[in-house]
Amino acid sequence: MKTSNKILTALLLVLLATTIFADFLLKKVYLKINLNDPFKNYQPVSIQPFKYLKIRGGNGYAIEIKQAPLNMKVMTKRKNFLAVRQNGDTLLIGFTVISSMSMRDPESLPRGIIISNPRIAAIIADGSNNILTDWKADSLKLTLMGNAAVNINGADIGKLTAIGNYNTIFNFHTANKVRDLDLRLSNHATAILKGIDYTDLSPWLTNDSQLIFGAQAASKLSMLGRE
């Protein structure tokens with residue numbers, strides 16, 4: 001056999017061995033993945049305890065905020081779009097994903113970021129789609145601006161101050177209970193009061209803002225009028 005053929009054969013054998021070895025390593029990594037883990041496509045983000053949360057970003061992905069031990073995860077393929085900074089007891093998040101006026105329901109979107117914290121005093125969201133899940137607190141201040149939206153599920157809050165500007169949407173989606181609901185809406189902001197049981201409602205609306213009542217929330221109005 002010619003020397004050149006021997007060299008070519010050797011190279012082919014090395015390439016084949018390398019391919020087989022790489023395939024073995026990939027299979028080994030794949031077998032370690034828990035396919036039932038809902039967070040298998042997320043990476044952890046290191047953060048410190050915080051009291052105030054400020055979010056600015058696009059609305060192509062939802063940001064879920066849960067009351068649970070301190071934790072933060074970002075979808076792996078969107079990690080490069082995330083910027084995180086802490087200033088004292090304030091956590092600042094920038095999430096430069098796509099924005100669209102047609103994407104107004106956070107529940108229909110994949111969770112780009114999942115944040116957990118045992119206690120938050122105030123949240124400011126600018127331009128993002130957000131989901132507030134199972135939040136229980138004596139008080140919470142929630143501010144939306146720049147076409148932001150929030151779905152609120154399973155909240156039990158003493159006093160909730162909701163401030164909405166510039167085409168923002170508060171959607172009290174499912175199983176919410178609020179004792180004192182202070183709504184301040186301006187510039188085409190909307191609050192959807194369907195999945196909520198409240199005791200006192202203090203609305204302040206300007207510039208074509210609106211309240212949309214479900215049956216349960218509307219019945220509370222007649223009860224307040226008789227008191």
# chains A, B, ... in the order shown; residues from 1 in each chain; ligands from 1
call {"tool": "residues_around", "arguments": {"residues": "range 195-202 of chain A", "least_positions_apart": "6", "cutoff": "8 Å", "atoms": "only C-alpha atoms", "output": "MDAnalysis selection string"}}
result
chainID A and resid 172:183 214 216:217 220 224
call {"tool": "write_last_selection", "arguments": {"atoms": "N, CA and C atoms", "output": "mmCIF file, in the first residue's frame"}}
result
data_model
loop_
_atom_site.group_PDB
_atom_site.id
_atom_site.type_symbol
_atom_site.label_atom_id
_atom_site.label_comp_id
_atom_site.auth_asym_id
_atom_site.auth_seq_id
_atom_site.Cartn_x
_atom_site.Cartn_y
_atom_site.Cartn_z
ATOM 1 N N PHE A 172 -56.592 40.972 36.510
ATOM 2 C CA PHE A 172 -56.783 40.139 37.696
ATOM 3 C C PHE A 172 -57.418 38.844 37.208
ATOM 4 N N HIS A 173 -56.581 37.876 36.964
ATOM 5 C CA HIS A 173 -56.926 36.728 36.120
ATOM 6 C C HIS A 173 -57.694 35.651 36.874
ATOM 7 N N THR A 174 -57.111 35.106 37.947
ATOM 8 C CA THR A 174 -57.764 34.012 38.664
ATOM 9 C C THR A 174 -57.504 34.091 40.167
ATOM 10 N N ALA A 175 -58.568 33.871 40.943
ATOM 11 C CA ALA A 175 -58.499 33.607 42.390
ATOM 12 C C ALA A 175 -57.699 34.637 43.171
ATOM 13 N N ASN A 176 -58.033 35.926 42.967
ATOM 14 C CA ASN A 176 -57.345 36.993 43.698
ATOM 15 C C ASN A 176 -58.246 37.573 44.786
ATOM 16 N N LYS A 177 -57.626 37.936 45.897
ATOM 17 C CA LYS A 177 -58.345 38.553 46.996
ATOM 18 C C LYS A 177 -57.555 39.777 47.468
ATOM 19 N N VAL A 178 -58.203 40.938 47.414
ATOM 20 C CA VAL A 178 -57.558 42.191 47.812
ATOM 21 C C VAL A 178 -58.508 42.949 48.729
ATOM 22 N N ARG A 179 -58.036 43.349 49.878
ATOM 23 C CA ARG A 179 -58.897 44.100 50.792
ATOM 24 C C ARG A 179 -59.115 45.525 50.297
ATOM 25 N N ASP A 180 -58.028 46.223 49.994
ATOM 26 C CA ASP A 180 -58.097 47.632 49.582
ATOM 27 C C ASP A 180 -57.399 47.766 48.235
ATOM 28 N N LEU A 181 -58.173 47.980 47.173
ATOM 29 C CA LEU A 181 -57.637 48.069 45.815
ATOM 30 C C LEU A 181 -57.646 49.522 45.362
ATOM 31 N N ASP A 182 -56.454 50.100 45.224
ATOM 32 C CA ASP A 182 -56.283 51.490 44.814
ATOM 33 C C ASP A 182 -55.785 51.500 43.374
ATOM 34 N N LEU A 183 -56.679 51.867 42.441
ATOM 35 C CA LEU A 183 -56.350 51.858 41.012
ATOM 36 C C LEU A 183 -56.150 53.282 40.504
ATOM 37 N N GLY A 214 -65.910 41.808 35.774
ATOM 38 C CA GLY A 214 -66.584 40.528 35.679
ATOM 39 C C GLY A 214 -67.783 40.544 36.602
ATOM 40 N N GLN A 216 -68.535 38.871 39.381
ATOM 41 C CA GLN A 216 -68.272 38.932 40.809
ATOM 42 C C GLN A 216 -67.827 40.322 41.235
ATOM 43 N N ALA A 217 -66.915 40.924 40.461
ATOM 44 C CA ALA A 217 -66.423 42.259 40.809
ATOM 45 C C ALA A 217 -67.528 43.296 40.689
ATOM 46 N N LYS A 220 -69.880 43.433 43.664
ATOM 47 C CA LYS A 220 -69.317 44.138 44.813
ATOM 48 C C LYS A 220 -69.657 45.621 44.770
ATOM 49 N N LEU A 224 -71.251 47.850 47.774
ATOM 50 C CA LEU A 224 -70.626 49.064 48.303
ATOM 51 C C LEU A 224 -71.613 50.219 48.293
#
call {"tool": "residues_around", "arguments": {"residues": "Gln86 in chain A", "least_positions_apart": "2", "cutoff": "10 Å", "atoms": "only C-alpha atoms", "output": "PyMOL selection string"}}
result
chain A and resi 47-50+52-54+84+88-93
call {"tool": "select_by_dssp", "arguments": {"residues": "range 56-141 of chain A", "states": "strand (DSSP E or B)", "output": "PDB file with C-alpha atoms, in the first residue's frame"}}
result
ATOM      1  CA  ARG A  56     -37.498  47.060  31.532  1.00  0.00           C
ATOM      2  CA  GLY A  57     -37.744  45.069  28.341  1.00  0.00           C
ATOM      3  CA  ALA A  62     -43.255  36.638  29.902  1.00  0.00           C
ATOM      4  CA  ILE A  63     -41.526  37.393  33.197  1.00  0.00           C
ATOM      5  CA  GLU A  64     -43.006  35.399  36.072  1.00  0.00           C
ATOM      6  CA  ILE A  65     -42.663  36.729  39.621  1.00  0.00           C
ATOM      7  CA  LYS A  66     -43.428  34.225  42.376  1.00  0.00           C
ATOM      8  CA  ASN A  71     -34.107  32.442  43.054  1.00  0.00           C
ATOM      9  CA  MET A  72     -33.847  33.603  39.450  1.00  0.00           C
ATOM     10  CA  LYS A  73     -33.730  31.660  36.189  1.00  0.00           C
ATOM     11  CA  VAL A  74     -33.493  32.760  32.562  1.00  0.00           C
ATOM     12  CA  MET A  75     -34.316  30.758  29.459  1.00  0.00           C
ATOM     13  CA  LEU A  82     -30.555  39.684  29.941  1.00  0.00           C
ATOM     14  CA  ALA A  83     -28.829  42.365  32.013  1.00  0.00           C
ATOM     15  CA  VAL A  84     -29.040  42.287  35.816  1.00  0.00           C
ATOM     16  CA  ARG A  85     -27.850  44.911  38.258  1.00  0.00           C
ATOM     17  CA  GLN A  86     -28.451  45.518  41.951  1.00  0.00           C
ATOM     18  CA  ASN A  87     -28.474  48.908  43.607  1.00  0.00           C
ATOM     19  CA  THR A  90     -33.361  47.265  44.337  1.00  0.00           C
ATOM     20  CA  LEU A  91     -32.991  44.609  41.629  1.00  0.00           C
ATOM     21  CA  LEU A  92     -32.853  46.071  38.101  1.00  0.00           C
ATOM     22  CA  ILE A  93     -33.529  43.841  35.116  1.00  0.00           C
ATOM     23  CA  GLY A  94     -33.124  44.642  31.433  1.00  0.00           C
ATOM     24  CA  PHE A  95     -34.543  42.100  28.988  1.00  0.00           C
ATOM     25  CA  ARG A 111     -41.499  32.321  30.467  1.00  0.00           C
ATOM     26  CA  GLY A 112     -38.277  34.075  29.558  1.00  0.00           C
ATOM     27  CA  ILE A 113     -37.420  34.855  33.185  1.00  0.00           C
ATOM     28  CA  ILE A 114     -38.674  33.342  36.454  1.00  0.00           C
ATOM     29  CA  ILE A 115     -38.002  35.336  39.629  1.00  0.00           C
ATOM     30  CA  SER A 116     -38.736  34.173  43.164  1.00  0.00           C
ATOM     31  CA  ALA A 122     -42.891  47.470  44.952  1.00  0.00           C
ATOM     32  CA  ILE A 123     -42.584  46.396  41.311  1.00  0.00           C
ATOM     33  CA  ILE A 124     -42.088  48.731  38.343  1.00  0.00           C
ATOM     34  CA  ALA A 125     -42.424  47.173  34.884  1.00  0.00           C
ATOM     35  CA  ASP A 126     -41.743  49.106  31.682  1.00  0.00           C
ATOM     36  CA  ASN A 129     -45.298  41.127  29.913  1.00  0.00           C
ATOM     37  CA  ASN A 130     -45.454  39.890  33.498  1.00  0.00           C
ATOM     38  CA  ILE A 131     -47.170  37.201  35.565  1.00  0.00           C
ATOM     39  CA  LEU A 132     -47.588  37.651  39.317  1.00  0.00           C
ATOM     40  CA  THR A 133     -48.224  34.279  40.942  1.00  0.00           C
ATOM     41  CA  LYS A 136     -49.512  37.145  49.671  1.00  0.00           C
ATOM     42  CA  ALA A 137     -48.608  40.377  51.440  1.00  0.00           C
ATOM     43  CA  ASP A 138     -49.962  43.149  53.651  1.00  0.00           C
ATOM     44  CA  SER A 139     -49.239  45.662  50.897  1.00  0.00           C
ATOM     45  CA  LEU A 140     -47.798  45.874  47.395  1.00  0.00           C
ATOM     46  CA  LYS A 141     -47.287  48.736  44.932  1.00  0.00           C
TER      47      LYS A 141
END
call {"tool": "atom_distance", "arguments": {"atom1": "CA of Ser186 in chain A", "atom2": "CA of Gly127 in chain A"}}
result
15.6 Å
call {"tool": "closest_residue", "arguments": {"among": "A:Asn165, A:Gln43, A:Thr19, A:Thr96", "to": "Thr76 in chain A", "atoms": "only C-alpha atoms"}}
result
A:Gln43
call {"tool": "residues_around", "arguments": {"residues": "Pro118 in chain A", "least_positions_apart": "3", "cutoff": "7 Å", "atoms": "only C-alpha atoms", "output": "ChimeraX atom specification"}}
result
/A:67-70
call {"tool": "closest_residue", "arguments": {"among": "A:Arg78, A:Arg119, A:Lys159, A:Arg184", "to": "Gly60 in chain A", "atoms": "only C-alpha atoms"}}
result
A:Arg78
call {"tool": "decode", "arguments": {"residues": "range 148-185 of chain A", "atoms": "N, CA and C atoms", "output": "short mmCIF file (atom, residue, chain, number, x, y, z; two decimals), in the first residue's frame"}}
result
data_model
loop_
_atom_site.label_atom_id
_atom_site.label_comp_id
_atom_site.auth_asym_id
_atom_site.auth_seq_id
_atom_site.Cartn_x
_atom_site.Cartn_y
_atom_site.Cartn_z
N ALA A 148 -46.74 47.89 29.08
CA ALA A 148 -46.56 46.69 29.90
C ALA A 148 -47.91 46.08 30.25
N ALA A 149 -47.89 44.80 30.59
CA ALA A 149 -49.09 44.09 31.02
C ALA A 149 -48.72 43.15 32.16
N VAL A 150 -49.72 42.85 33.01
CA VAL A 150 -49.50 41.89 34.09
C VAL A 150 -50.76 41.06 34.28
N ASN A 151 -50.59 39.74 34.40
CA ASN A 151 -51.64 38.84 34.84
C ASN A 151 -51.38 38.51 36.30
N ILE A 152 -52.41 38.64 37.13
CA ILE A 152 -52.28 38.40 38.56
C ILE A 152 -53.11 37.18 38.92
N ASN A 153 -52.45 36.18 39.52
CA ASN A 153 -53.11 34.92 39.85
C ASN A 153 -52.85 34.55 41.31
N GLY A 154 -53.91 34.21 42.02
CA GLY A 154 -53.76 33.68 43.37
C GLY A 154 -53.20 34.65 44.38
N ALA A 155 -53.44 35.95 44.19
CA ALA A 155 -52.92 36.94 45.13
C ALA A 155 -53.84 37.07 46.35
N ASP A 156 -53.25 37.33 47.49
CA ASP A 156 -53.99 37.64 48.72
C ASP A 156 -53.27 38.82 49.36
N ILE A 157 -53.75 40.03 49.09
CA ILE A 157 -53.02 41.24 49.44
C ILE A 157 -53.93 42.18 50.23
N GLY A 158 -53.39 42.76 51.30
CA GLY A 158 -54.15 43.71 52.10
C GLY A 158 -54.45 44.98 51.32
N LYS A 159 -53.42 45.70 50.96
CA LYS A 159 -53.58 46.92 50.16
C LYS A 159 -52.73 46.81 48.90
N LEU A 160 -53.38 46.89 47.76
CA LEU A 160 -52.68 46.85 46.48
C LEU A 160 -52.87 48.19 45.77
N THR A 161 -51.77 48.87 45.53
CA THR A 161 -51.77 50.10 44.75
C THR A 161 -51.29 49.78 43.36
N ALA A 162 -52.19 49.96 42.37
CA ALA A 162 -51.87 49.63 40.98
C ALA A 162 -51.89 50.91 40.15
N ILE A 163 -50.74 51.29 39.61
CA ILE A 163 -50.58 52.52 38.83
C ILE A 163 -50.26 52.14 37.39
N GLY A 164 -51.12 52.55 36.46
CA GLY A 164 -50.91 52.19 35.06
C GLY A 164 -50.89 53.40 34.15
N ASN A 165 -49.90 53.43 33.25
CA ASN A 165 -49.75 54.52 32.29
C ASN A 165 -49.52 53.95 30.90
N TYR A 166 -49.96 54.67 29.86
CA TYR A 166 -49.57 54.41 28.47
C TYR A 166 -49.88 52.99 28.02
N ASN A 167 -51.19 52.70 27.83
CA ASN A 167 -51.64 51.45 27.22
C ASN A 167 -51.27 50.20 28.02
N THR A 168 -51.19 50.33 29.31
CA THR A 168 -50.86 49.17 30.15
C THR A 168 -52.13 48.43 30.56
N ILE A 169 -51.95 47.16 30.95
CA ILE A 169 -53.09 46.31 31.30
C ILE A 169 -52.81 45.58 32.61
N PHE A 170 -53.71 45.76 33.58
CA PHE A 170 -53.74 44.92 34.78
C PHE A 170 -54.86 43.91 34.59
N ASN A 171 -54.53 42.64 34.58
CA ASN A 171 -55.53 41.59 34.42
C ASN A 171 -55.58 40.74 35.69
N PHE A 172 -56.59 40.97 36.51
CA PHE A 172 -56.78 40.14 37.70
C PHE A 172 -57.42 38.84 37.21
N HIS A 173 -56.58 37.88 36.96
CA HIS A 173 -56.93 36.73 36.12
C HIS A 173 -57.69 35.65 36.87
N THR A 174 -57.11 35.11 37.95
CA THR A 174 -57.76 34.01 38.66
C THR A 174 -57.50 34.09 40.17
N ALA A 175 -58.57 33.87 40.94
CA ALA A 175 -58.50 33.61 42.39
C ALA A 175 -57.70 34.64 43.17
N ASN A 176 -58.03 35.93 42.97
CA ASN A 176 -57.35 36.99 43.70
C ASN A 176 -58.25 37.57 44.79
N LYS A 177 -57.63 37.94 45.90
CA LYS A 177 -58.34 38.55 47.00
C LYS A 177 -57.56 39.78 47.47
N VAL A 178 -58.20 40.94 47.41
CA VAL A 178 -57.56 42.19 47.81
C VAL A 178 -58.51 42.95 48.73
N ARG A 179 -58.04 43.35 49.88
CA ARG A 179 -58.90 44.10 50.79
C ARG A 179 -59.12 45.53 50.30
N ASP A 180 -58.03 46.22 49.99
CA ASP A 180 -58.10 47.63 49.58
C ASP A 180 -57.40 47.77 48.24
N LEU A 181 -58.17 47.98 47.17
CA LEU A 181 -57.64 48.07 45.81
C LEU A 181 -57.65 49.52 45.36
N ASP A 182 -56.45 50.10 45.22
CA ASP A 182 -56.28 51.49 44.81
C ASP A 182 -55.78 51.50 43.37
N LEU A 183 -56.68 51.87 42.44
CA LEU A 183 -56.35 51.86 41.01
C LEU A 183 -56.15 53.28 40.50
N ARG A 184 -55.00 53.54 39.88
CA ARG A 184 -54.71 54.86 39.32
C ARG A 184 -54.28 54.64 37.86
N LEU A 185 -55.20 54.93 36.95
CA LEU A 185 -54.99 54.62 35.54
C LEU A 185 -55.04 55.89 34.70
#
